[in-house]
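Peer 1: Pasting a structure here, questions to come.
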Amino acid sequence: MNEENAYQQEFQVKGGDFTRAGEVSCEIKNLLKELGLSAPIVRRAAIAAYEAEMNIIMYAWQGRLDLSVTPDRVRIVVEDKGPGIQDVELALSEGYSTATPEMRELGFGAGMGLPNIKKNTDDFRIVSEVGRGTRLEMTFLGNGHKP
Amino acid sequence: MLTLREIKNLLSGELLTPEMNLEMECPRVFASDLMSDVLAFMDPGSILVTGLVNTHVIRTARLADVTAIVFVQGKRPDAMVMNEAKLHNLPIISTSCSMFEACSRISRSFPDGGR
Ligand SMILES: Nc1ncnc2c1ncn2[C@@H]1O[C@H](COP(=O)(O)OP(=O)(O)OP(=O)(O)O)[C@@H](O)[C@H]1O
Ligand SMILES: [Mg+2]
């Protein structure tokens, strides 16, 4: 496989849809397992995908995850239509969160999502435009041994 | 090393997924009500001890490679949550111990405290 014939799939995520939260990421995890990727990369990609999926559900209106897999890397591009992030650097710092009390009751809102995405990826880019939305590009290398 | 059965017994716990194997060894235990922290800090293969009972706990467990879940304070998830756990072969134990009591009982039996 090379860039042209990478395995590709697109997943839709609806803002506010807490009951289905995590379904897309579980599907991605199963797919990566079936494709034969190693356990560490499967776990890192699954966790990062889930953090990104949760952020769409918690903060945005509509979003999608685009998965692309080649033997040596997994790439997930996450794009949402939503309020965007005013101060991306601040949002990337551990503990910063604008989650509501309801979201905290569900077990989220520790302000660890974006830092955790950064930790689990080999390459991570984020761009956000206030009033329009947010785009994340996450790359996971097959031979990487990040925690 | 403790098996899941030994942990269940230490906690006088009830297995809510009766048909599942309890002989697996449990090298790590992680206790939290914050799924954000589970995703960020838990080692794969850990037992998750939590007081939070909702579908997000099961989803988080599936994504972060949790071996089994212990619900403290006598909490029991509803049928929908249980169905998802069964479907994905995730053993669920319920104990009347508090979070603190459950953790201290387990850690007393772990040479290194489980972390
Ligand atoms: N897709 C997004 N659209 C708009 N705002 C976002 C988005 N993702 C993150 N944010 C903002 O950045 C903050 C930090 O996000 P992060 O994922 O790190 O933590 P959190 O979602 O608040 O809590 P946790 O992820 O630990 O459950 C959020 O509280 C929110 O204000
Ligand atoms: Mg988040």
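Residue numbering restarts at 1 for every chain of the structure tokens, chains are lettered A, B, ... in their displayed order, and ligands are numbered from 1 as they appear.
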Enumerate as a ChimeraX atom specification all residues of chain A assigned to strand (DSSP E) by DSSP on the backbone, naming them with the chain letters and numbers the document uses.

Peer 2: /A:7-14,62-70,73-81,123-129,133-141

Peer 1: Within 10 Å of chain B, which residues of chain A are there when counting only C-alpha atoms? Please give them as a ChimeraX atom specification.

Peer 2: /A:18-23,25-30,39-40,42-51,104-113,115-117,119-120,147

Peer 1: Write a file of the selected residues as a compact mmCIF listing (two decimals), in the first residue's frame, keeping N, CA and C atoms.

Peer 2:
# COMPACT_ATOMS: atom_id res chain seq x y z
N PHE A 18 -24.76 12.48 23.01
CA PHE A 18 -23.99 11.79 24.04
C PHE A 18 -24.24 10.29 24.09
N THR A 19 -25.44 9.85 23.69
CA THR A 19 -25.71 8.41 23.80
C THR A 19 -24.84 7.59 22.84
N ARG A 20 -24.48 8.19 21.72
CA ARG A 20 -23.65 7.44 20.77
C ARG A 20 -22.16 7.76 20.91
N ALA A 21 -21.83 8.52 21.94
CA ALA A 21 -20.44 8.94 22.13
C ALA A 21 -19.50 7.74 22.22
N GLY A 22 -18.49 7.74 21.41
CA GLY A 22 -17.50 6.66 21.46
C GLY A 22 -17.74 5.58 20.43
N GLU A 23 -18.92 5.57 19.81
CA GLU A 23 -19.20 4.50 18.85
C GLU A 23 -18.26 4.55 17.65
N SER A 25 -15.29 5.86 17.53
CA SER A 25 -13.92 5.49 17.92
C SER A 25 -13.78 3.99 18.13
N CYS A 26 -14.83 3.37 18.68
CA CYS A 26 -14.79 1.90 18.84
C CYS A 26 -14.72 1.23 17.48
N GLU A 27 -15.47 1.79 16.51
CA GLU A 27 -15.45 1.23 15.15
C GLU A 27 -14.05 1.37 14.54
N ILE A 28 -13.46 2.54 14.75
CA ILE A 28 -12.10 2.76 14.24
C ILE A 28 -11.12 1.79 14.89
N LYS A 29 -11.28 1.61 16.19
CA LYS A 29 -10.37 0.69 16.90
C LYS A 29 -10.48 -0.73 16.33
N ASN A 30 -11.72 -1.20 16.13
CA ASN A 30 -11.90 -2.55 15.58
C ASN A 30 -11.29 -2.68 14.20
N ALA A 39 -0.78 -3.55 18.77
CA ALA A 39 -1.63 -3.13 19.88
C ALA A 39 -1.34 -1.69 20.35
N PRO A 40 -0.07 -1.29 20.50
CA PRO A 40 0.18 0.08 20.98
C PRO A 40 -0.37 1.16 20.04
N VAL A 42 -2.80 0.83 17.86
CA VAL A 42 -4.27 0.74 17.89
C VAL A 42 -4.81 1.51 19.09
N ARG A 43 -4.18 1.31 20.24
CA ARG A 43 -4.66 1.97 21.46
C ARG A 43 -4.46 3.49 21.39
N ARG A 44 -3.29 3.91 20.92
CA ARG A 44 -3.04 5.36 20.84
C ARG A 44 -4.03 6.02 19.90
N ALA A 45 -4.28 5.40 18.76
CA ALA A 45 -5.20 5.98 17.79
C ALA A 45 -6.63 5.97 18.33
N ALA A 46 -7.00 4.90 19.03
CA ALA A 46 -8.36 4.79 19.57
C ALA A 46 -8.60 5.87 20.62
N ILE A 47 -7.62 6.08 21.48
CA ILE A 47 -7.78 7.07 22.55
C ILE A 47 -7.84 8.48 21.98
N ALA A 48 -6.95 8.77 21.05
CA ALA A 48 -6.95 10.11 20.45
C ALA A 48 -8.24 10.35 19.68
N ALA A 49 -8.71 9.33 18.96
CA ALA A 49 -9.96 9.47 18.20
C ALA A 49 -11.13 9.74 19.15
N TYR A 50 -11.13 9.04 20.27
CA TYR A 50 -12.22 9.21 21.25
C TYR A 50 -12.21 10.62 21.85
N GLU A 51 -11.03 11.12 22.19
CA GLU A 51 -10.94 12.49 22.73
C GLU A 51 -11.48 13.49 21.70
N ARG A 104 -19.36 17.25 33.13
CA ARG A 104 -18.46 16.75 34.19
C ARG A 104 -19.10 15.57 34.90
N GLU A 105 -20.43 15.63 35.06
CA GLU A 105 -21.11 14.51 35.70
C GLU A 105 -20.99 13.23 34.89
N LEU A 106 -20.85 13.36 33.59
CA LEU A 106 -20.69 12.18 32.73
C LEU A 106 -19.27 11.62 32.78
N GLY A 107 -18.38 12.35 33.45
CA GLY A 107 -17.00 11.85 33.59
C GLY A 107 -16.00 12.56 32.70
N PHE A 108 -16.44 13.67 32.08
CA PHE A 108 -15.54 14.39 31.19
C PHE A 108 -15.30 15.81 31.71
N GLY A 109 -14.49 16.55 30.98
CA GLY A 109 -14.27 17.94 31.35
C GLY A 109 -13.12 18.17 32.30
N ALA A 110 -12.10 17.31 32.23
CA ALA A 110 -10.92 17.51 33.05
C ALA A 110 -9.90 18.41 32.34
N GLY A 111 -10.21 18.76 31.11
CA GLY A 111 -9.25 19.56 30.36
C GLY A 111 -8.02 18.77 29.96
N MET A 112 -8.21 17.47 29.77
CA MET A 112 -7.09 16.59 29.45
C MET A 112 -7.14 16.08 28.00
N GLY A 113 -8.22 16.39 27.29
CA GLY A 113 -8.42 15.79 25.97
C GLY A 113 -7.36 16.18 24.95
N PRO A 115 -4.42 17.78 25.42
CA PRO A 115 -3.08 17.34 25.83
C PRO A 115 -2.88 15.83 25.62
N ASN A 116 -3.94 15.07 25.84
CA ASN A 116 -3.84 13.62 25.68
C ASN A 116 -3.70 13.23 24.20
N ILE A 117 -4.36 13.99 23.33
CA ILE A 117 -4.19 13.75 21.89
C ILE A 117 -2.74 14.00 21.51
N LYS A 119 -0.13 13.82 23.38
CA LYS A 119 0.71 12.77 23.96
C LYS A 119 0.68 11.49 23.13
N ASN A 120 -0.48 11.19 22.57
CA ASN A 120 -0.65 9.90 21.88
C ASN A 120 -0.32 9.92 20.39
N PRO A 147 4.22 6.27 24.82
CA PRO A 147 3.38 5.66 25.86
C PRO A 147 1.92 5.65 25.48

Peer 1: List the spatial neighbours of Glu101 (chain B) as a VMD selection string - criterion: any atom at most 12 Å away, only C-alpha atoms, same-chain residues fewer than 3 positions off excluded.

Peer 2: chain B and resid 10 to 12 31 49 72 to 73 95 to 98 104 to 108

Peer 1: Which of these, B:Asn83, B:Gly13, B:Thr50, B:Lys75, has the shortest distance to Met99 (chain B) once you count only C-alpha atoms?

Peer 2: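 The answer is B:Thr50, which sits nearest to Met99 (chain B).
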
Peer 1: Can you check which residues of region 9-55 of chain A DSSP gives as helix (DSSP H, G or I) on the backbone and send them as a PyMOL selection string?

Peer 2: chain A and resi 18-20+23-34+39-55

Peer 1: What are the nearest atom pairs, with distances in Å to one decimal, for all residues of chain A that come at most 9 Å from ligand 1, using only C-alpha atoms and all ligand atoms, set out by chain and rising residue number as JSON lines?

Peer 2:
{"residue": "A:Glu51", "atom": "CA", "partner": "ligand 1", "partner_atom_place_in_ligand_line": "25 (O)", "distance": 5.9}
{"residue": "A:Ala52", "atom": "CA", "partner": "ligand 1", "partner_atom_place_in_ligand_line": "1 (N)", "distance": 7.1}
{"residue": "A:Glu53", "atom": "CA", "partner": "ligand 1", "partner_atom_place_in_ligand_line": "1 (N)", "distance": 8.4}
{"residue": "A:Met54", "atom": "CA", "partner": "ligand 1", "partner_atom_place_in_ligand_line": "21 (O)", "distance": 7.1}
{"residue": "A:Asn55", "atom": "CA", "partner": "ligand 1", "partner_atom_place_in_ligand_line": "8 (N)", "distance": 4.6}
{"residue": "A:Ile56", "atom": "CA", "partner": "ligand 1", "partner_atom_place_in_ligand_line": "1 (N)", "distance": 4.9}
{"residue": "A:Ile57", "atom": "CA", "partner": "ligand 1", "partner_atom_place_in_ligand_line": "1 (N)", "distance": 8.2}
{"residue": "A:Met58", "atom": "CA", "partner": "ligand 1", "partner_atom_place_in_ligand_line": "21 (O)", "distance": 7.2}
{"residue": "A:Tyr59", "atom": "CA", "partner": "ligand 1", "partner_atom_place_in_ligand_line": "4 (C)", "distance": 4.8}
{"residue": "A:Ala60", "atom": "CA", "partner": "ligand 1", "partner_atom_place_in_ligand_line": "3 (N)", "distance": 5.1}
{"residue": "A:Trp61", "atom": "CA", "partner": "ligand 1", "partner_atom_place_in_ligand_line": "3 (N)", "distance": 8.8}
{"residue": "A:Gly63", "atom": "CA", "partner": "ligand 1", "partner_atom_place_in_ligand_line": "1 (N)", "distance": 8.5}
{"residue": "A:Val78", "atom": "CA", "partner": "ligand 1", "partner_atom_place_in_ligand_line": "1 (N)", "distance": 8.7}
{"residue": "A:Glu79", "atom": "CA", "partner": "ligand 1", "partner_atom_place_in_ligand_line": "1 (N)", "distance": 8.0}
{"residue": "A:Asp80", "atom": "CA", "partner": "ligand 1", "partner_atom_place_in_ligand_line": "1 (N)", "distance": 6.4}
{"residue": "A:Lys81", "atom": "CA", "partner": "ligand 1", "partner_atom_place_in_ligand_line": "3 (N)", "distance": 8.0}
{"residue": "A:Gly82", "atom": "CA", "partner": "ligand 1", "partner_atom_place_in_ligand_line": "3 (N)", "distance": 5.8}
{"residue": "A:Pro83", "atom": "CA", "partner": "ligand 1", "partner_atom_place_in_ligand_line": "4 (C)", "distance": 5.4}
{"residue": "A:Gly84", "atom": "CA", "partner": "ligand 1", "partner_atom_place_in_ligand_line": "4 (C)", "distance": 4.4}
{"residue": "A:Ile85", "atom": "CA", "partner": "ligand 1", "partner_atom_place_in_ligand_line": "5 (N)", "distance": 4.8}
{"residue": "A:Gln86", "atom": "CA", "partner": "ligand 1", "partner_atom_place_in_ligand_line": "5 (N)", "distance": 8.1}
{"residue": "A:Asp87", "atom": "CA", "partner": "ligand 1", "partner_atom_place_in_ligand_line": "12 (O)", "distance": 8.4}
{"residue": "A:Val88", "atom": "CA", "partner": "ligand 1", "partner_atom_place_in_ligand_line": "12 (O)", "distance": 7.4}
{"residue": "A:Leu90", "atom": "CA", "partner": "ligand 1", "partner_atom_place_in_ligand_line": "12 (O)", "distance": 7.9}
{"residue": "A:Ala91", "atom": "CA", "partner": "ligand 1", "partner_atom_place_in_ligand_line": "12 (O)", "distance": 4.3}
{"residue": "A:Leu92", "atom": "CA", "partner": "ligand 1", "partner_atom_place_in_ligand_line": "18 (O)", "distance": 5.8}
{"residue": "A:Ser93", "atom": "CA", "partner": "ligand 1", "partner_atom_place_in_ligand_line": "18 (O)", "distance": 7.1}
{"residue": "A:Glu94", "atom": "CA", "partner": "ligand 1", "partner_atom_place_in_ligand_line": "18 (O)", "distance": 6.7}
{"residue": "A:Gly95", "atom": "CA", "partner": "ligand 1", "partner_atom_place_in_ligand_line": "19 (O)", "distance": 7.1}
{"residue": "A:Tyr96", "atom": "CA", "partner": "ligand 1", "partner_atom_place_in_ligand_line": "14 (C)", "distance": 5.5}
{"residue": "A:Ser97", "atom": "CA", "partner": "ligand 1", "partner_atom_place_in_ligand_line": "29 (O)", "distance": 3.3}
{"residue": "A:Thr98", "atom": "CA", "partner": "ligand 1", "partner_atom_place_in_ligand_line": "29 (O)", "distance": 3.8}
{"residue": "A:Ala99", "atom": "CA", "partner": "ligand 1", "partner_atom_place_in_ligand_line": "22 (O)", "distance": 5.0}
{"residue": "A:Thr100", "atom": "CA", "partner": "ligand 1", "partner_atom_place_in_ligand_line": "29 (O)", "distance": 8.7}
{"residue": "A:Met103", "atom": "CA", "partner": "ligand 1", "partner_atom_place_in_ligand_line": "27 (O)", "distance": 8.0}
{"residue": "A:Arg104", "atom": "CA", "partner": "ligand 1", "partner_atom_place_in_ligand_line": "27 (O)", "distance": 7.7}
{"residue": "A:Gly107", "atom": "CA", "partner": "ligand 1", "partner_atom_place_in_ligand_line": "27 (O)", "distance": 7.2}
{"residue": "A:Phe108", "atom": "CA", "partner": "ligand 1", "partner_atom_place_in_ligand_line": "27 (O)", "distance": 3.6}
{"residue": "A:Gly109", "atom": "CA", "partner": "ligand 1", "partner_atom_place_in_ligand_line": "23 (O)", "distance": 3.2}
{"residue": "A:Ala110", "atom": "CA", "partner": "ligand 1", "partner_atom_place_in_ligand_line": "26 (O)", "distance": 3.7}
{"residue": "A:Gly111", "atom": "CA", "partner": "ligand 1", "partner_atom_place_in_ligand_line": "19 (O)", "distance": 3.2}
{"residue": "A:Met112", "atom": "CA", "partner": "ligand 1", "partner_atom_place_in_ligand_line": "26 (O)", "distance": 3.6}
{"residue": "A:Gly113", "atom": "CA", "partner": "ligand 1", "partner_atom_place_in_ligand_line": "25 (O)", "distance": 3.2}
{"residue": "A:Leu114", "atom": "CA", "partner": "ligand 1", "partner_atom_place_in_ligand_line": "18 (O)", "distance": 3.7}
{"residue": "A:Pro115", "atom": "CA", "partner": "ligand 1", "partner_atom_place_in_ligand_line": "18 (O)", "distance": 5.8}
{"residue": "A:Asn116", "atom": "CA", "partner": "ligand 1", "partner_atom_place_in_ligand_line": "18 (O)", "distance": 7.5}
{"residue": "A:Ile117", "atom": "CA", "partner": "ligand 1", "partner_atom_place_in_ligand_line": "18 (O)", "distance": 8.4}
{"residue": "A:Ser128", "atom": "CA", "partner": "ligand 1", "partner_atom_place_in_ligand_line": "3 (N)", "distance": 8.0}
{"residue": "A:Val130", "atom": "CA", "partner": "ligand 1", "partner_atom_place_in_ligand_line": "4 (C)", "distance": 8.4}
{"residue": "A:Gly133", "atom": "CA", "partner": "ligand 1", "partner_atom_place_in_ligand_line": "3 (N)", "distance": 6.3}
{"residue": "A:Thr134", "atom": "CA", "partner": "ligand 1", "partner_atom_place_in_ligand_line": "1 (N)", "distance": 5.4}
{"residue": "A:Arg135", "atom": "CA", "partner": "ligand 1", "partner_atom_place_in_ligand_line": "1 (N)", "distance": 7.6}
{"residue": "A:Leu136", "atom": "CA", "partner": "ligand 1", "partner_atom_place_in_ligand_line": "1 (N)", "distance": 8.6}

Peer 1: Would you mind telling me which residue in A:Arg73, A:Arg125, A:Arg132, A:Lys14 lies nearest to Gly36 (chain A) when using only C-alpha atoms?

Peer 2: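 Once distances to Gly36 (chain A) are computed over only C-alpha atoms, the minimum belongs to A:Arg73.
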
Peer 1: For Val29 (chain B), work out the shell of residues within 10 Å, counting only C-alpha atoms and skipping chain neighbours fewer than 4 positions away, then give it as a count of residues only.

Peer 2: 20

Peer 1: Would you list the contacts of Asn21 (chain B) as a ChimeraX atom specification, taking every protein, DNA or RNA residue within 9 Å and counting only C-alpha atoms, but skipping same-chain residues closer than 6 positions in sequence?

Peer 2: /B:4-5,91

Peer 1: Kindly save the residues from that selection, with N, CA and C atoms included, as a PDB file, in the first residue's frame.

Peer 2:
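Okay, this is what ended up in again-v3.pdb:
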ATOM      1  N   LEU B   4      -8.716 -11.889  39.002  1.00  0.00           N
ATOM      2  CA  LEU B   4      -9.972 -11.147  39.128  1.00  0.00           C
ATOM      3  C   LEU B   4     -10.873 -11.790  40.189  1.00  0.00           C
ATOM      4  N   ARG B   5     -10.811 -13.121  40.267  1.00  0.00           N
ATOM      5  CA  ARG B   5     -11.612 -13.808  41.284  1.00  0.00           C
ATOM      6  C   ARG B   5     -11.174 -13.391  42.697  1.00  0.00           C
ATOM      7  N   PRO B  91     -15.918  -8.128  32.057  1.00  0.00           N
ATOM      8  CA  PRO B  91     -16.452  -8.534  33.349  1.00  0.00           C
ATOM      9  C   PRO B  91     -16.790  -7.316  34.225  1.00  0.00           C
TER      10      PRO B  91
END

Peer 1: What separation in Å, quoted to one decimal, exists between CA of Leu15 (chain B) and CA of His88 (chain B)?

Peer 2: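 Answer for the CA of Leu15 (chain B) to CA of His88 (chain B) separation: 15.6 Å.
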